[in-house]
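Undergrad: Sharing run13.pdb below, PDB, C-alpha atoms:
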MODEL        1
ATOM      1  CA  MET A   1     -12.716  11.363   1.756
ATOM      2  CA  ILE A   2      -9.643   9.216   2.396
ATOM      3  CA  THR A   3     -10.395   5.489   2.176
ATOM      4  CA  LYS A   4      -8.428   2.644   3.710
ATOM      5  CA  VAL A   5      -9.112  -0.860   2.483
ATOM      6  CA  ILE A   6      -8.236  -3.917   4.535
ATOM      7  CA  ILE A   7      -7.766  -6.990   2.382
ATOM      8  CA  LYS A   8      -7.444 -10.368   4.126
ATOM      9  CA  ARG A   9      -6.136 -13.526   2.464
ATOM     10  CA  GLN A  10      -5.261 -17.066   3.582
ATOM     11  CA  VAL A  11      -2.554 -18.388   1.245
ATOM     12  CA  THR A  12      -2.454 -22.101   0.471
ATOM     13  CA  LYS A  13       0.637 -23.773   1.941
ATOM     14  CA  GLY A  14       3.262 -24.271  -0.732
ATOM     15  CA  LYS A  15       1.890 -21.420  -2.879
ATOM     16  CA  GLU A  16       3.539 -18.553  -0.987
ATOM     17  CA  GLN A  17       6.136 -17.629  -3.635
ATOM     18  CA  GLU A  18       3.559 -17.556  -6.436
ATOM     19  CA  PHE A  19       1.229 -15.540  -4.224
ATOM     20  CA  PHE A  20       3.802 -12.881  -3.347
ATOM     21  CA  ASN A  21       4.866 -12.612  -7.001
ATOM     22  CA  ALA A  22       1.248 -11.977  -8.017
ATOM     23  CA  LEU A  23       0.787  -9.547  -5.123
ATOM     24  CA  ARG A  24       3.834  -7.552  -6.297
ATOM     25  CA  GLU A  25       2.361  -7.471  -9.795
ATOM     26  CA  MET A  26      -0.909  -6.161  -8.344
ATOM     27  CA  ARG A  27       0.934  -3.441  -6.399
ATOM     28  CA  ILE A  28       2.777  -2.311  -9.549
ATOM     29  CA  TYR A  29      -0.536  -1.797 -11.344
ATOM     30  CA  ALA A  30      -2.104  -0.112  -8.299
ATOM     31  CA  LEU A  31       0.731   2.423  -8.172
ATOM     32  CA  GLY A  32      -0.429   3.830 -11.507
ATOM     33  CA  GLN A  33      -4.094   4.139 -10.540
ATOM     34  CA  LYS A  34      -5.796   7.463  -9.948
ATOM     35  CA  GLY A  35      -6.211   8.061  -6.241
ATOM     36  CA  TYR A  36      -3.810   5.391  -4.988
ATOM     37  CA  ILE A  37      -1.791   6.742  -2.060
ATOM     38  CA  THR A  38       0.002   3.822  -0.448
ATOM     39  CA  GLY A  39      -0.208   0.199   0.569
ATOM     40  CA  GLU A  40       1.384  -2.134   3.066
ATOM     41  CA  THR A  41       1.492  -5.896   3.379
ATOM     42  CA  LEU A  42       1.413  -7.576   6.780
ATOM     43  CA  ILE A  43       2.115 -11.253   7.470
ATOM     44  CA  CYS A  44       0.595 -12.766  10.604
ATOM     45  CA  ALA A  45       3.238 -13.599  13.215
ATOM     46  CA  ASP A  46       1.325 -16.732  14.264
ATOM     47  CA  ASP A  47       0.322 -17.952  10.785
ATOM     48  CA  GLN A  48       2.674 -16.967   7.968
ATOM     49  CA  ASN A  49       0.038 -17.893   5.395
ATOM     50  CA  LYS A  50      -2.385 -15.265   6.701
ATOM     51  CA  VAL A  51      -1.725 -11.995   4.858
ATOM     52  CA  VAL A  52      -3.349  -8.593   5.256
ATOM     53  CA  VAL A  53      -2.909  -5.749   2.781
ATOM     54  CA  ILE A  54      -3.918  -2.240   3.794
ATOM     55  CA  SER A  55      -4.242   0.173   0.911
ATOM     56  CA  LYS A  56      -4.989   3.878   1.118
ATOM     57  CA  TRP A  57      -7.000   5.737  -1.538
ATOM     58  CA  GLU A  58      -8.015   9.370  -2.014
ATOM     59  CA  SER A  59     -11.713   8.439  -2.210
ATOM     60  CA  PRO A  60     -14.120   5.498  -2.144
ATOM     61  CA  GLU A  61     -14.685   6.072  -5.876
ATOM     62  CA  ASP A  62     -10.971   5.697  -6.632
ATOM     63  CA  TRP A  63     -10.915   2.412  -4.707
ATOM     64  CA  GLU A  64     -14.046   1.167  -6.477
ATOM     65  CA  ASN A  65     -12.619   2.073  -9.894
ATOM     66  CA  TRP A  66      -9.494   0.059  -9.110
ATOM     67  CA  ARG A  67     -11.430  -2.823  -7.537
ATOM     68  CA  THR A  68     -13.510  -3.259 -10.692
ATOM     69  CA  SER A  69     -10.738  -2.538 -13.231
ATOM     70  CA  HIS A  70      -9.752  -5.123 -15.816
ATOM     71  CA  GLU A  71      -6.103  -5.094 -14.673
ATOM     72  CA  LYS A  72      -7.041  -5.918 -11.093
ATOM     73  CA  GLN A  73      -9.497  -8.616 -12.139
ATOM     74  CA  VAL A  74      -6.880 -10.427 -14.236
ATOM     75  CA  ILE A  75      -4.284 -10.480 -11.447
ATOM     76  CA  ASN A  76      -6.914 -11.186  -8.817
ATOM     77  CA  GLU A  77      -7.873 -14.404 -10.637
ATOM     78  CA  LYS A  78      -4.251 -15.575 -10.252
ATOM     79  CA  ILE A  79      -4.271 -14.665  -6.568
ATOM     80  CA  GLU A  80      -7.607 -16.307  -5.793
ATOM     81  CA  ALA A  81      -6.316 -19.593  -7.252
ATOM     82  CA  LEU A  82      -3.564 -19.563  -4.594
ATOM     83  CA  LEU A  83      -5.862 -19.117  -1.588
ATOM     84  CA  ASP A  84      -7.656 -21.477   0.793
ATOM     85  CA  GLU A  85     -10.707 -19.184   0.918
ATOM     86  CA  PRO A  86     -11.975 -16.121  -0.971
ATOM     87  CA  THR A  87     -10.381 -12.737  -0.317
ATOM     88  CA  GLN A  88     -12.172 -10.537   2.217
ATOM     89  CA  TYR A  89     -12.406  -6.777   1.609
ATOM     90  CA  GLU A  90     -13.403  -4.064   4.083
ATOM     91  CA  ALA A  91     -13.286  -0.365   3.168
ATOM     92  CA  TYR A  92     -13.197   2.366   5.810
ATOM     93  CA  VAL A  93     -13.357   6.140   5.366
ATOM     94  CA  PHE A  94     -12.072   8.978   7.496
TER      95      PHE A  94
ENDMDL
END
Just give me the structure as structure tokens.

TA:
Amino acid sequence: MITKVIIKRQVTKGKEQEFFNALREMRIYALGQKGYITGETLICADDQNKVVVISKWESPEDWENWRTSHEKQVINEKIEALLDEPTQYEAYVF
């Protein structure tokens, strides 16, 4: 069952470069994960510090394995430190 995950983040002003560097690092690790299909990053036209990532996985289990992996947790700690509020995750299947 294909799974799409919508990840919403509000980046702290002045931390954009660090954030996008960490996000690229996260994407590099995700590319090597079982079940990862693709991902895209969208920046809000009205608020350039509001960022949405949509990732596509072969199954909910593949997403969950990545979400809880050590690699993701390490990079996610860097990312969370650059945000105004905690990351929001929503997974959808089709």

Undergrad: For region 39-55 of chain A, work out the shell of residues within 8 Å, counting only C-alpha atoms and skipping chain neighbours fewer than 2 positions away, then give it as a PDB file with C-alpha atoms, in the coordinates of the input.

TA:
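Saved to selection-v4.pdb:
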ATOM      1  CA  LYS A   4      -8.428   2.644   3.710  1.00  0.00           C
ATOM      2  CA  VAL A   5      -9.112  -0.860   2.483  1.00  0.00           C
ATOM      3  CA  ILE A   6      -8.236  -3.917   4.535  1.00  0.00           C
ATOM      4  CA  ILE A   7      -7.766  -6.990   2.382  1.00  0.00           C
ATOM      5  CA  LYS A   8      -7.444 -10.368   4.126  1.00  0.00           C
ATOM      6  CA  ARG A   9      -6.136 -13.526   2.464  1.00  0.00           C
ATOM      7  CA  GLN A  10      -5.261 -17.066   3.582  1.00  0.00           C
ATOM      8  CA  VAL A  11      -2.554 -18.388   1.245  1.00  0.00           C
ATOM      9  CA  THR A  12      -2.454 -22.101   0.471  1.00  0.00           C
ATOM     10  CA  LYS A  13       0.637 -23.773   1.941  1.00  0.00           C
ATOM     11  CA  GLU A  16       3.539 -18.553  -0.987  1.00  0.00           C
ATOM     12  CA  ARG A  27       0.934  -3.441  -6.399  1.00  0.00           C
ATOM     13  CA  TYR A  36      -3.810   5.391  -4.988  1.00  0.00           C
ATOM     14  CA  ILE A  37      -1.791   6.742  -2.060  1.00  0.00           C
ATOM     15  CA  TRP A  57      -7.000   5.737  -1.538  1.00  0.00           C
TER      16      TRP A  57
END

Undergrad: In file coordinates, which residues lie within 12 Å of (-9.1, 0.0, -9.1) using all atoms listed in the file, given as a ChimeraX atom specification?

TA: /A:5,26-27,29-36,55-76

Undergrad: Mind giving me the straight-line distance from CA of Gly14 (chain A) to CA of Pro86 (chain A) in Å, one decimal?

TA: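 Going from CA of Gly14 (chain A) over to CA of Pro86 (chain A) covers 17.3 Å.
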
Undergrad: Do you have the CA of Ala22 (chain A)-CA of Glu77 (chain A) distance handy?

TA: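 Separation of CA of Ala22 (chain A) and CA of Glu77 (chain A): 9.8 Å.
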
Undergrad: Find the residue from A:Leu83, A:Met1, A:Phe94, A:Tyr89 that sits nearest to Phe19 (chain A); use all atoms listed in the file when measuring.

TA: A:Leu83

Undergrad: Hey, can you check how far CA of Thr3 (chain A) sits from CA of Lys78 (chain A)?

TA: 25.2 Å

Undergrad: Which is closest to Asn21 (chain A) among A:Ile79, A:Glu85, A:Ile2, A:Val93, if we use all atoms listed in the file?

TA: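 Result for the nearest residue to Asn21 (chain A): A:Ile79.
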